[in-house]
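A.B. asks: This is the content of coords.csv (CSV, C-alpha atoms):
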```csv
chain,number,residue,atom,x,y,z
C,24,MET,CA,88.0,118.1,103.4
C,25,ARG,CA,91.4,116.5,102.9
C,26,PHE,CA,92.9,114.1,105.5
C,27,LEU,CA,96.6,114.0,104.5
C,28,LEU,CA,99.5,113.1,106.8
C,29,ASP,CA,102.2,115.7,107.4
C,30,ASP,CA,105.8,115.1,106.5
C,31,GLU,CA,106.7,113.9,110.0
C,32,GLN,CA,104.0,111.4,110.1
C,33,ARG,CA,104.9,110.1,106.6
C,34,GLU,CA,108.5,109.8,107.7
C,35,PHE,CA,107.4,107.9,110.8
C,36,ALA,CA,105.6,105.4,108.6
C,37,ARG,CA,108.6,105.0,106.3
C,38,SER,CA,110.9,104.4,109.3
C,39,LEU,CA,108.6,101.7,110.7
C,40,ASP,CA,108.3,100.1,107.2
C,41,GLY,CA,112.1,100.0,106.8
C,42,MET,CA,112.6,98.6,110.3
C,43,LEU,CA,109.9,95.9,109.8
C,44,THR,CA,111.1,95.0,106.3
C,45,ALA,CA,114.6,94.4,107.7
C,46,ALA,CA,113.2,92.2,110.4
C,47,ASP,CA,112.0,88.6,109.9
C,48,VAL,CA,108.4,89.4,110.8
C,49,PRO,CA,106.9,86.3,109.0
C,50,GLY,CA,109.4,84.1,110.9
C,51,ALA,CA,108.4,85.8,114.2
C,52,ALA,CA,104.7,85.3,113.4
C,53,ARG,CA,105.2,81.6,112.6
C,54,ALA,CA,107.1,81.1,115.8
C,55,TRP,CA,104.4,82.9,117.7
C,56,ALA,CA,101.8,80.5,116.2
C,57,ALA,CA,103.9,77.6,117.3
C,58,GLY,CA,104.1,78.9,120.9
C,59,ASP,CA,107.6,80.4,120.8
C,60,THR,CA,107.1,84.1,121.7
C,61,ALA,CA,110.8,85.0,121.9
C,62,PRO,CA,111.2,86.4,118.4
C,63,GLY,CA,107.9,88.3,118.8
C,64,ARG,CA,109.0,89.8,122.1
C,65,ALA,CA,112.3,90.9,120.5
C,66,LEU,CA,110.3,92.6,117.7
C,67,TRP,CA,108.0,94.1,120.4
C,68,SER,CA,111.1,95.7,122.0
C,69,ARG,CA,112.1,97.3,118.7
C,70,LEU,CA,108.7,98.7,118.1
C,71,ALA,CA,108.7,100.1,121.7
C,72,ALA,CA,112.1,101.7,121.0
C,73,ALA,CA,110.6,103.3,117.9
C,74,GLY,CA,107.9,104.8,120.2
C,75,VAL,CA,104.9,102.9,119.0
C,76,PHE,CA,103.4,102.0,122.4
C,77,ALA,CA,104.4,105.3,123.9
C,78,LEU,CA,101.9,107.0,121.5
C,79,ALA,CA,99.1,105.6,123.6
C,80,VAL,CA,100.6,106.7,126.9
C,81,PRO,CA,100.5,110.3,128.2
C,82,GLU,CA,103.7,112.2,128.8
C,83,ARG,CA,103.2,112.3,132.6
C,84,HIS,CA,103.6,108.5,132.5
C,85,GLU,CA,106.8,108.5,130.3
C,86,GLY,CA,104.8,108.3,127.0
C,87,LEU,CA,104.4,110.6,124.0
C,88,GLY,CA,100.6,110.7,123.7
C,89,PRO,CA,97.9,110.1,123.5
C,90,LEU,CA,98.2,110.6,119.7
C,91,PRO,CA,95.5,108.7,117.8
C,92,VAL,CA,96.6,109.9,114.4
C,93,GLU,CA,100.1,108.6,114.9
C,94,LEU,CA,98.7,105.4,116.3
C,95,ALA,CA,96.7,104.9,113.1
C,96,VAL,CA,99.9,105.5,111.0
C,97,ALA,CA,101.9,103.0,113.1
C,98,PHE,CA,99.2,100.3,113.1
C,99,THR,CA,98.8,100.5,109.4
C,100,GLU,CA,102.5,99.5,109.1
C,101,LEU,CA,102.0,96.8,111.7
C,102,GLY,CA,99.2,95.4,109.6
C,103,ARG,CA,101.2,95.6,106.4
C,104,HIS,CA,103.9,93.5,108.0
C,105,ALA,CA,101.7,91.1,110.0
C,106,VAL,CA,103.2,91.8,113.4
C,107,PRO,CA,102.1,89.2,115.9
C,108,GLY,CA,100.9,89.7,119.4
C,109,PRO,CA,98.3,91.7,121.3
C,110,VAL,CA,99.5,95.0,120.0
C,111,VAL,CA,95.9,96.4,119.7
C,112,GLU,CA,95.0,95.2,123.1
C,113,THR,CA,98.1,96.8,124.7
C,114,VAL,CA,97.4,100.3,123.4
C,115,ALA,CA,93.7,99.9,124.3
C,116,ALA,CA,94.7,98.9,127.8
C,117,ALA,CA,96.9,102.0,128.0
C,118,ALA,CA,94.0,104.1,127.0
C,119,LEU,CA,91.8,102.5,129.6
C,120,LEU,CA,94.4,102.9,132.4
C,121,ASP,CA,95.0,106.5,131.5
C,122,ARG,CA,91.3,107.4,131.7
C,123,LEU,CA,91.0,105.7,135.1
C,124,GLY,CA,93.3,108.3,136.6
C,125,ASP,CA,96.7,108.4,138.3
C,126,GLY,CA,95.6,106.9,141.6
C,127,GLY,CA,95.3,103.3,142.6
C,128,THR,CA,97.2,100.3,141.2
C,129,ALA,CA,96.4,100.8,137.5
C,130,ALA,CA,98.6,103.7,136.6
C,131,PRO,CA,102.0,102.0,137.3
C,132,TRP,CA,101.4,99.8,134.3
C,133,LEU,CA,101.6,102.8,131.9
C,134,PRO,CA,105.4,103.4,132.0
C,135,ARG,CA,105.9,99.7,131.4
C,136,ILE,CA,103.6,99.7,128.4
C,137,ALA,CA,105.4,102.8,127.0
C,138,SER,CA,108.8,101.2,127.3
C,139,GLY,CA,107.7,97.9,125.9
C,140,ALA,CA,108.4,96.1,129.2
C,141,ALA,CA,104.8,95.0,129.5
C,142,VAL,CA,102.7,93.2,127.0
C,143,VAL,CA,99.1,93.6,128.0
C,144,SER,CA,95.9,91.9,126.8
C,145,LEU,CA,92.5,93.4,127.3
C,146,CYS,CA,89.1,91.6,127.5
C,147,VAL,CA,85.9,93.6,127.3
C,148,PRO,CA,83.0,91.1,127.0
C,149,THR,CA,80.5,93.8,126.4
C,150,ALA,CA,82.4,94.7,123.2
C,151,GLY,CA,81.4,91.4,121.8
C,152,ASN,CA,84.2,89.1,122.6
C,153,PRO,CA,84.6,87.2,125.9
C,154,TYR,CA,88.1,86.1,125.0
C,155,ALA,CA,91.5,87.7,125.7
C,156,LEU,CA,94.0,87.6,122.8
C,157,ASP,CA,97.3,85.9,123.5
C,158,PRO,CA,97.0,85.7,127.3
C,159,HIS,CA,99.8,83.1,127.3
C,160,ALA,CA,102.3,85.8,126.0
C,161,ALA,CA,101.0,88.7,128.1
C,162,ASP,CA,102.5,90.1,131.3
C,163,ALA,CA,99.0,91.1,132.3
C,164,VAL,CA,95.4,90.5,131.2
C,165,LEU,CA,92.9,93.1,132.1
C,166,VAL,CA,89.2,92.3,132.2
C,167,VAL,CA,86.4,94.8,132.4
C,168,GLU,CA,83.1,93.6,133.9
C,169,GLY,CA,80.5,96.2,134.6
C,170,ASP,CA,82.1,98.9,136.7
C,171,THR,CA,85.1,96.8,137.6
C,172,VAL,CA,88.5,96.3,136.1
C,173,ARG,CA,90.3,93.2,137.2
C,174,LEU,CA,93.8,91.9,136.7
C,175,ALA,CA,93.1,88.3,135.7
C,176,GLU,CA,95.1,85.5,137.4
C,177,GLY,CA,94.8,83.0,134.6
C,178,ALA,CA,93.1,81.9,131.4
C,179,GLY,CA,91.2,78.8,130.2
C,180,PRO,CA,92.1,76.6,127.3
C,181,VAL,CA,93.0,78.1,124.0
C,182,GLN,CA,90.1,78.5,121.6
C,183,PRO,CA,90.5,78.0,117.8
C,184,SER,CA,90.8,81.0,115.6
C,185,ALA,CA,90.8,81.5,111.8
C,186,ASP,CA,94.3,83.0,112.3
C,187,PRO,CA,96.6,80.5,114.0
C,188,VAL,CA,98.9,83.4,115.1
C,189,ARG,CA,96.0,84.7,117.3
C,190,ARG,CA,95.4,82.6,120.4
C,191,LEU,CA,92.2,83.2,122.3
C,192,ALA,CA,91.3,82.1,125.9
C,193,ARG,CA,88.8,83.1,128.6
C,194,PRO,CA,90.5,84.9,131.5
C,195,HIS,CA,89.3,84.2,135.0
C,196,GLY,CA,89.7,85.3,138.6
C,197,GLY,CA,92.1,88.1,139.6
C,198,THR,CA,92.4,91.2,141.7
C,199,VAL,CA,90.5,94.4,141.3
C,200,LEU,CA,92.4,97.3,139.9
C,201,ALA,CA,89.6,99.9,139.7
C,202,ARG,CA,85.9,100.1,140.4
C,203,GLY,CA,83.4,102.8,140.1
C,204,PRO,CA,81.4,105.0,137.6
C,205,ALA,CA,84.6,106.2,135.9
C,206,VAL,CA,85.2,102.7,134.5
C,207,ALA,CA,82.3,102.9,132.0
C,208,ALA,CA,83.6,106.1,130.3
C,209,ALA,CA,87.2,104.8,130.4
C,210,THR,CA,86.1,101.5,128.8
C,211,ALA,CA,84.1,103.2,126.1
C,212,TYR,CA,87.2,105.3,125.1
C,213,ALA,CA,89.5,102.3,125.2
C,214,VAL,CA,87.1,100.3,122.9
C,215,ASP,CA,87.1,103.2,120.5
C,216,VAL,CA,90.9,103.2,120.5
C,217,ALA,CA,91.0,99.4,119.9
C,218,ALA,CA,88.5,99.8,117.0
C,219,LEU,CA,90.5,102.6,115.5
C,220,VAL,CA,93.9,100.8,115.5
C,221,THR,CA,92.2,97.5,114.4
C,222,ALA,CA,90.9,99.4,111.4
C,223,ALA,CA,94.4,100.7,110.8
C,224,GLN,CA,95.8,97.2,111.0
C,225,SER,CA,93.1,95.9,108.6
C,226,LEU,CA,94.0,98.7,106.1
C,227,GLY,CA,97.7,97.6,106.3
C,228,VAL,CA,96.7,94.0,105.9
C,229,GLY,CA,94.7,94.8,102.8
C,230,ARG,CA,97.5,96.9,101.3
C,231,ALA,CA,100.0,94.0,101.8
C,232,LEU,CA,97.6,91.6,100.2
C,233,LEU,CA,97.0,93.8,97.2
C,234,ASP,CA,100.8,94.5,96.7
C,235,ARG,CA,101.6,90.8,96.9
C,236,THR,CA,98.8,89.9,94.5
C,237,VAL,CA,99.8,92.6,92.0
C,238,ALA,CA,103.4,91.3,92.1
C,239,HIS,CA,102.2,87.7,91.6
C,240,VAL,CA,99.9,88.4,88.6
C,241,THR,CA,102.7,90.4,87.0
C,242,ARG,CA,105.1,87.4,87.2
C,243,ARG,CA,102.7,84.6,86.4
C,244,THR,CA,102.0,84.0,82.7
C,245,GLN,CA,99.3,82.3,80.8
C,246,PHE,CA,99.0,81.9,77.0
C,247,GLY,CA,102.3,83.7,76.8
C,248,VAL,CA,101.2,86.9,78.6
C,249,ALA,CA,101.1,88.1,82.2
C,250,VAL,CA,97.9,87.2,84.0
C,251,GLY,CA,97.7,90.7,85.2
C,252,SER,CA,97.1,91.9,81.7
C,253,PHE,CA,93.7,90.2,81.6
C,254,GLN,CA,90.8,92.7,81.8
C,255,ALA,CA,88.9,90.7,84.5
C,256,VAL,CA,92.0,90.6,86.7
C,257,LYS,CA,92.6,94.3,86.2
C,258,HIS,CA,89.0,95.1,87.3
C,259,ARG,CA,89.3,92.9,90.3
C,260,LEU,CA,92.5,94.6,91.5
C,261,ALA,CA,91.1,98.0,90.7
C,262,ASP,CA,88.0,97.3,92.9
C,263,THR,CA,90.2,96.2,95.7
C,264,LEU,CA,92.4,99.3,95.5
C,265,LEU,CA,89.4,101.6,95.4
C,266,ALA,CA,87.9,99.9,98.5
C,267,LEU,CA,91.2,100.3,100.4
C,268,GLU,CA,91.7,103.9,99.3
C,269,PHE,CA,88.1,104.8,100.3
C,270,ALA,CA,88.8,103.5,103.8
C,271,ARG,CA,92.0,105.5,104.3
C,272,PRO,CA,90.4,109.0,104.7
C,273,LEU,CA,87.7,107.5,106.9
C,274,LEU,CA,90.5,106.1,109.2
C,275,HIS,CA,92.3,109.5,109.3
C,276,ALA,CA,89.1,111.4,110.0
C,277,ALA,CA,88.2,109.0,112.8
C,278,ALA,CA,91.7,109.4,114.3
C,279,LEU,CA,91.4,113.2,114.2
C,280,ALA,CA,87.9,113.1,115.8
C,281,LEU,CA,89.2,110.9,118.6
C,282,ALA,CA,92.2,113.1,119.1
C,283,GLU,CA,90.0,116.2,119.4
C,284,GLY,CA,87.3,114.5,121.5
C,285,ALA,CA,84.7,115.5,118.9
C,286,GLU,CA,81.1,114.7,119.4
C,287,GLY,CA,80.2,111.6,117.3
C,288,SER,CA,83.8,110.3,117.3
C,289,SER,CA,82.6,106.8,118.2
C,290,ALA,CA,80.4,106.8,115.1
C,291,GLU,CA,83.4,107.9,112.9
C,292,VAL,CA,85.6,105.2,114.4
C,293,ALA,CA,82.8,102.6,113.7
C,294,ALA,CA,82.6,103.8,110.1
C,295,ALA,CA,86.3,103.5,109.6
C,296,LYS,CA,86.3,100.1,111.3
C,297,VAL,CA,83.6,98.5,109.1
C,298,THR,CA,85.0,100.1,105.9
C,299,ALA,CA,88.6,99.1,106.5
C,300,GLY,CA,87.6,95.6,107.7
C,301,GLU,CA,85.4,94.8,104.7
C,302,ALA,CA,88.0,96.2,102.3
C,303,ALA,CA,90.8,94.0,103.8
C,304,TYR,CA,88.5,90.9,103.8
C,305,ALA,CA,87.7,91.6,100.1
C,306,ALA,CA,91.5,92.0,99.4
C,307,ALA,CA,92.0,88.6,101.1
C,308,ARG,CA,89.5,87.0,98.8
C,309,THR,CA,91.0,88.6,95.8
C,310,ALA,CA,94.5,87.5,96.8
C,311,LEU,CA,93.3,83.9,97.4
C,312,GLN,CA,91.6,83.6,94.0
C,313,LEU,CA,94.3,85.4,91.9
C,314,HIS,CA,97.1,83.3,93.5
C,315,GLY,CA,95.2,80.2,92.4
C,316,ALA,CA,96.1,76.9,94.1
C,317,VAL,CA,99.2,78.3,95.8
C,318,GLY,CA,97.0,80.8,97.7
C,319,TYR,CA,95.7,77.9,99.8
C,320,THR,CA,99.0,76.8,101.1
C,321,ASP,CA,100.2,77.6,104.6
C,322,GLU,CA,103.8,77.4,103.5
C,323,LEU,CA,103.3,80.6,101.4
C,324,ASP,CA,103.8,83.7,103.6
C,325,LEU,CA,100.6,85.2,102.0
C,326,ALA,CA,98.6,83.0,104.3
C,327,LEU,CA,99.7,85.1,107.3
C,328,TRP,CA,97.8,88.0,105.8
C,329,ILE,CA,94.9,86.1,104.3
C,330,ARG,CA,94.1,84.4,107.6
C,331,LYS,CA,94.3,87.6,109.5
C,332,ALA,CA,91.8,89.6,107.5
C,333,ARG,CA,88.6,87.9,108.7
C,334,PRO,CA,89.4,88.0,112.5
C,335,LEU,CA,90.4,91.6,112.3
C,336,ARG,CA,87.2,92.4,110.5
C,337,ASP,CA,85.2,91.1,113.4
C,338,ALA,CA,87.5,92.1,116.3
C,339,TRP,CA,86.5,95.1,118.4
C,340,GLY,CA,83.3,95.6,116.5
C,341,THR,CA,81.7,93.3,113.9
C,342,PRO,CA,80.5,94.9,110.7
C,343,ALA,CA,76.9,94.7,111.9
C,344,ALA,CA,77.7,96.3,115.3
C,345,CYS,CA,79.7,99.1,113.6
C,346,ARG,CA,76.9,99.8,111.1
C,347,ALA,CA,74.4,100.0,114.0
C,348,ARG,CA,76.7,102.4,115.8
C,349,VAL,CA,77.0,104.6,112.7
C,350,LEU,CA,73.2,104.7,112.2
C,351,ALA,CA,72.3,105.2,115.9
C,352,PRO,CA,70.6,108.5,116.6
```
Would you mind giving the structure from this file in structure tokens?
C.D. replies:
Amino acid sequence: MRFLLDDEQREFARSLDGMLTAADVPGAARAWAAGDTAPGRALWSRLAAAGVFALAVPERHEGLGPLPVELAVAFTELGRHAVPGPVVETVAAAALLDRLGDGGTAAPWLPRIASGAAVVSLCVPTAGNPYALDPHAADAVLVVEGDTVRLAEGAGPVQPSADPVRRLARPHGGTVLARGPAVAAATAYAVDVAALVTAAQSLGVGRALLDRTVAHVTRRTQFGVAVGSFQAVKHRLADTLLALEFARPLLHAAALALAEGAEGSSAEVAAAKVTAGEAAYAAARTALQLHGAVGYTDELDLALWIRKARPLRDAWGTPAACRARVLAP
């Protein structure tokens, strides 16, 4: 079976790539890490205008979706350009709120998410992480505990992360948005959406690392020839490319399964997540080694992608947890 994007989806990817290439995304990411979220919020508005967040929101709430395949396309580009902020958590929160139904106080957040007016972080401790991502920059932090969804009223001190652009904190307190048996099913779907788009982000990060590394070894010379002409370097880059290309059809298959509500879609998402996450992490290691000493410097923009690969590999499903889900009967 072939999992190829259609012309419209490819054009969507090209348009996002062009928009993000023209924007100073590394500058916005560095500002975000320093606590200045204004450039990141401006970038967020441009992504919203392109329809990225509306892809997770149903049409009845002023969205375009839910469209998991298009979300995978979009988040691959977001990963390629190292876009900062809780982008994954916002679309996962939209998936959660949509599945909770149109009643109550949860649904009014959906049009705001679609328009980019609301940045939302989501914390699901049962998914393996008790922390919310970037609560300092979010308009709302949703916390799922058992059969209850709360709107947190605050967060604790920032916890260290391997990626300084990602800020983690434990949310606390808050008001109840929803409660009941529907929460568990809605949460399971939202976690699958989060895992899927995190896998897409990882794939984009891996491709950016590979592209930058190929460009570097083509320019850098040793003994009068380009480093990239050495057989060992070629093999290392080929292995990295193969791992990333192997992850791509798994990602698209998982997106299709999620879009169709197919039985076993959670296992397919887990397979895509672990494969893309491991491929991106391997690409980070390759980039670090083939860049030599300059690969260790924070001043080089490459660090924005290198330091993102490991946290994304573990976010919304560690490799061990994803493998267990794939192998579960």
A.B. asks: Within 10 Å of (106.7, 105.2, 111.4) (file coordinates; all atoms listed in the file), which protein or nucleic acid residues are there? I'd like them as a list in words.
C.D. replies: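 Those residues, ordered by chain and then number, are Glu31, Gln32, Arg33, Glu34, Phe35, Ala36, Arg37, Ser38, Leu39, Asp40, Gly41, Met42, Leu43, Leu70, Ala73, Gly74, Val75, Glu93, Leu94, Val96, Ala97, Phe98, Thr99, Glu100 and Leu101 of chain C.
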A.B. asks: Could you take the residues named above and write them with C-alpha atoms, as a CSV table (one decimal), keeping the file's coordinate frame?
C.D. replies:
```
chain,number,residue,atom,x,y,z
C,31,GLU,CA,106.7,113.9,110.0
C,32,GLN,CA,104.0,111.4,110.1
C,33,ARG,CA,104.9,110.1,106.6
C,34,GLU,CA,108.5,109.8,107.7
C,35,PHE,CA,107.4,107.9,110.8
C,36,ALA,CA,105.6,105.4,108.6
C,37,ARG,CA,108.6,105.0,106.3
C,38,SER,CA,110.9,104.4,109.3
C,39,LEU,CA,108.6,101.7,110.7
C,40,ASP,CA,108.3,100.1,107.2
C,41,GLY,CA,112.1,100.0,106.8
C,42,MET,CA,112.6,98.6,110.3
C,43,LEU,CA,109.9,95.9,109.8
C,70,LEU,CA,108.7,98.7,118.1
C,73,ALA,CA,110.6,103.3,117.9
C,74,GLY,CA,107.9,104.8,120.2
C,75,VAL,CA,104.9,102.9,119.0
C,93,GLU,CA,100.1,108.6,114.9
C,94,LEU,CA,98.7,105.4,116.3
C,96,VAL,CA,99.9,105.5,111.0
C,97,ALA,CA,101.9,103.0,113.1
C,98,PHE,CA,99.2,100.3,113.1
C,99,THR,CA,98.8,100.5,109.4
C,100,GLU,CA,102.5,99.5,109.1
C,101,LEU,CA,102.0,96.8,111.7
```
A.B. asks: Which is closer to Thr309 in chain C than all the others in C:Arg259, C:Arg235, C:His104, C:Arg53, using all atoms listed in the file?
C.D. replies: C:Arg259
A.B. asks: Between C:Ala280, C:Ala185, C:Ala56, C:Ala155, which residue has the minimum interatomic distance to Val216 in chain C, considering all atoms listed in the file?
C.D. replies: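 With all atoms listed in the file as the atom set, the closest residue is C:Ala280.
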A.B. asks: Between C:Ser144, C:Ser184, C:Gln312, C:Ser288, single out the one closest to His159 in chain C, counting only C-alpha atoms.
C.D. replies: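 Nearest to His159 in chain C: C:Ser144.
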A.B. asks: Would you list the contacts of Gly86 in chain C as number ranges by chain, taking every protein, DNA or RNA residue within 10 Å and counting only C-alpha atoms, but skipping same-chain residues closer than 2 positions in sequence?
C.D. replies: C: 74-84, 88-89, 133-138
A.B. asks: I'd like the neighbourhood of Ala209 in chain C as a PyMOL selection string, where a residue qualifies if any of its atoms comes within 6 Å (using all atoms listed in the file), though same-chain residues fewer than 2 positions away should be ignored.
C.D. replies: chain C and resi 119+122+206-207+211-212
A.B. asks: Which residue out of C:Arg189, C:His258, C:Arg243, C:Arg333 has the minimum interatomic distance to Val111 in chain C when all atoms listed in the file are used?
C.D. replies: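 When distances to Val111 in chain C are compared using all atoms listed in the file, the smallest one comes from C:Arg189.
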A.B. asks: Generate N, CA, C and O atoms for range 107-127 of chain C and emit them as a PDB file, keeping the file's coordinate frame.
C.D. replies:
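Now in part-v5.pdb:
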```pdb
ATOM      1  N   PRO C 107     102.888  90.000 114.974  1.00  0.00           N
ATOM      2  CA  PRO C 107     102.100  89.200 115.900  1.00  0.00           C
ATOM      3  C   PRO C 107     101.944  89.802 117.266  1.00  0.00           C
ATOM      4  O   PRO C 107     102.663  90.744 117.626  1.00  0.00           O
ATOM      5  N   GLY C 108     101.000  89.263 118.047  1.00  0.00           N
ATOM      6  CA  GLY C 108     100.900  89.700 119.400  1.00  0.00           C
ATOM      7  C   GLY C 108      99.699  90.619 119.682  1.00  0.00           C
ATOM      8  O   GLY C 108      99.113  91.154 118.740  1.00  0.00           O
ATOM      9  N   PRO C 109      99.380  90.837 120.948  1.00  0.00           N
ATOM     10  CA  PRO C 109      98.300  91.700 121.300  1.00  0.00           C
ATOM     11  C   PRO C 109      98.623  93.185 121.260  1.00  0.00           C
ATOM     12  O   PRO C 109      98.514  93.920 122.249  1.00  0.00           O
ATOM     13  N   VAL C 110      99.066  93.636 120.091  1.00  0.00           N
ATOM     14  CA  VAL C 110      99.500  95.000 120.000  1.00  0.00           C
ATOM     15  C   VAL C 110      98.282  95.973 120.121  1.00  0.00           C
ATOM     16  O   VAL C 110      98.389  97.026 120.761  1.00  0.00           O
ATOM     17  N   VAL C 111      97.151  95.597 119.531  1.00  0.00           N
ATOM     18  CA  VAL C 111      95.900  96.400 119.700  1.00  0.00           C
ATOM     19  C   VAL C 111      95.510  96.484 121.121  1.00  0.00           C
ATOM     20  O   VAL C 111      95.205  97.556 121.668  1.00  0.00           O
ATOM     21  N   GLU C 112      95.475  95.325 121.756  1.00  0.00           N
ATOM     22  CA  GLU C 112      95.000  95.200 123.100  1.00  0.00           C
ATOM     23  C   GLU C 112      95.890  96.009 124.092  1.00  0.00           C
ATOM     24  O   GLU C 112      95.414  96.590 125.086  1.00  0.00           O
ATOM     25  N   THR C 113      97.188  96.040 123.810  1.00  0.00           N
ATOM     26  CA  THR C 113      98.100  96.800 124.700  1.00  0.00           C
ATOM     27  C   THR C 113      97.857  98.261 124.663  1.00  0.00           C
ATOM     28  O   THR C 113      97.809  98.917 125.719  1.00  0.00           O
ATOM     29  N   VAL C 114      97.686  98.829 123.469  1.00  0.00           N
ATOM     30  CA  VAL C 114      97.400 100.300 123.400  1.00  0.00           C
ATOM     31  C   VAL C 114      96.030 100.605 123.925  1.00  0.00           C
ATOM     32  O   VAL C 114      95.816 101.667 124.525  1.00  0.00           O
ATOM     33  N   ALA C 115      95.074  99.699 123.722  1.00  0.00           N
ATOM     34  CA  ALA C 115      93.700  99.900 124.300  1.00  0.00           C
ATOM     35  C   ALA C 115      93.771  99.859 125.795  1.00  0.00           C
ATOM     36  O   ALA C 115      93.084 100.637 126.474  1.00  0.00           O
ATOM     37  N   ALA C 116      94.565  98.948 126.341  1.00  0.00           N
ATOM     38  CA  ALA C 116      94.700  98.900 127.800  1.00  0.00           C
ATOM     39  C   ALA C 116      95.351 100.154 128.333  1.00  0.00           C
ATOM     40  O   ALA C 116      94.964 100.659 129.394  1.00  0.00           O
ATOM     41  N   ALA C 117      96.321 100.705 127.587  1.00  0.00           N
ATOM     42  CA  ALA C 117      96.900 102.000 128.000  1.00  0.00           C
ATOM     43  C   ALA C 117      95.900 103.091 128.022  1.00  0.00           C
ATOM     44  O   ALA C 117      95.874 103.911 128.948  1.00  0.00           O
ATOM     45  N   ALA C 118      95.023 103.113 127.007  1.00  0.00           N
ATOM     46  CA  ALA C 118      94.000 104.100 127.000  1.00  0.00           C
ATOM     47  C   ALA C 118      93.020 103.976 128.157  1.00  0.00           C
ATOM     48  O   ALA C 118      92.598 104.960 128.764  1.00  0.00           O
ATOM     49  N   LEU C 119      92.694 102.735 128.487  1.00  0.00           N
ATOM     50  CA  LEU C 119      91.800 102.500 129.600  1.00  0.00           C
ATOM     51  C   LEU C 119      92.458 102.926 130.930  1.00  0.00           C
ATOM     52  O   LEU C 119      91.837 103.645 131.733  1.00  0.00           O
ATOM     53  N   LEU C 120      93.697 102.527 131.155  1.00  0.00           N
ATOM     54  CA  LEU C 120      94.400 102.900 132.400  1.00  0.00           C
ATOM     55  C   LEU C 120      94.575 104.358 132.554  1.00  0.00           C
ATOM     56  O   LEU C 120      94.466 104.912 133.654  1.00  0.00           O
ATOM     57  N   ASP C 121      94.864 105.028 131.446  1.00  0.00           N
ATOM     58  CA  ASP C 121      95.000 106.500 131.500  1.00  0.00           C
ATOM     59  C   ASP C 121      93.749 107.168 131.919  1.00  0.00           C
ATOM     60  O   ASP C 121      93.766 108.091 132.757  1.00  0.00           O
ATOM     61  N   ARG C 122      92.619 106.736 131.366  1.00  0.00           N
ATOM     62  CA  ARG C 122      91.300 107.400 131.700  1.00  0.00           C
ATOM     63  C   ARG C 122      90.858 107.044 133.105  1.00  0.00           C
ATOM     64  O   ARG C 122      89.983 107.720 133.625  1.00  0.00           O
ATOM     65  N   LEU C 123      91.423 106.020 133.718  1.00  0.00           N
ATOM     66  CA  LEU C 123      91.000 105.700 135.100  1.00  0.00           C
ATOM     67  C   LEU C 123      91.681 106.605 136.110  1.00  0.00           C
ATOM     68  O   LEU C 123      91.294 106.600 137.280  1.00  0.00           O
ATOM     69  N   GLY C 124      92.684 107.377 135.682  1.00  0.00           N
ATOM     70  CA  GLY C 124      93.300 108.300 136.600  1.00  0.00           C
ATOM     71  C   GLY C 124      94.637 107.832 137.126  1.00  0.00           C
ATOM     72  O   GLY C 124      95.035 106.677 136.933  1.00  0.00           O
ATOM     73  N   ASP C 125      95.344 108.725 137.805  1.00  0.00           N
ATOM     74  CA  ASP C 125      96.700 108.400 138.300  1.00  0.00           C
ATOM     75  C   ASP C 125      96.727 107.695 139.616  1.00  0.00           C
ATOM     76  O   ASP C 125      97.772 107.212 140.034  1.00  0.00           O
ATOM     77  N   GLY C 126      95.611 107.602 140.286  1.00  0.00           N
ATOM     78  CA  GLY C 126      95.600 106.900 141.600  1.00  0.00           C
ATOM     79  C   GLY C 126      95.436 105.433 141.438  1.00  0.00           C
ATOM     80  O   GLY C 126      95.174 104.899 140.371  1.00  0.00           O
ATOM     81  N   GLY C 127      95.569 104.728 142.538  1.00  0.00           N
ATOM     82  CA  GLY C 127      95.300 103.300 142.600  1.00  0.00           C
ATOM     83  C   GLY C 127      96.461 102.478 141.978  1.00  0.00           C
ATOM     84  O   GLY C 127      97.582 102.949 141.793  1.00  0.00           O
TER      85      GLY C 127
END
```
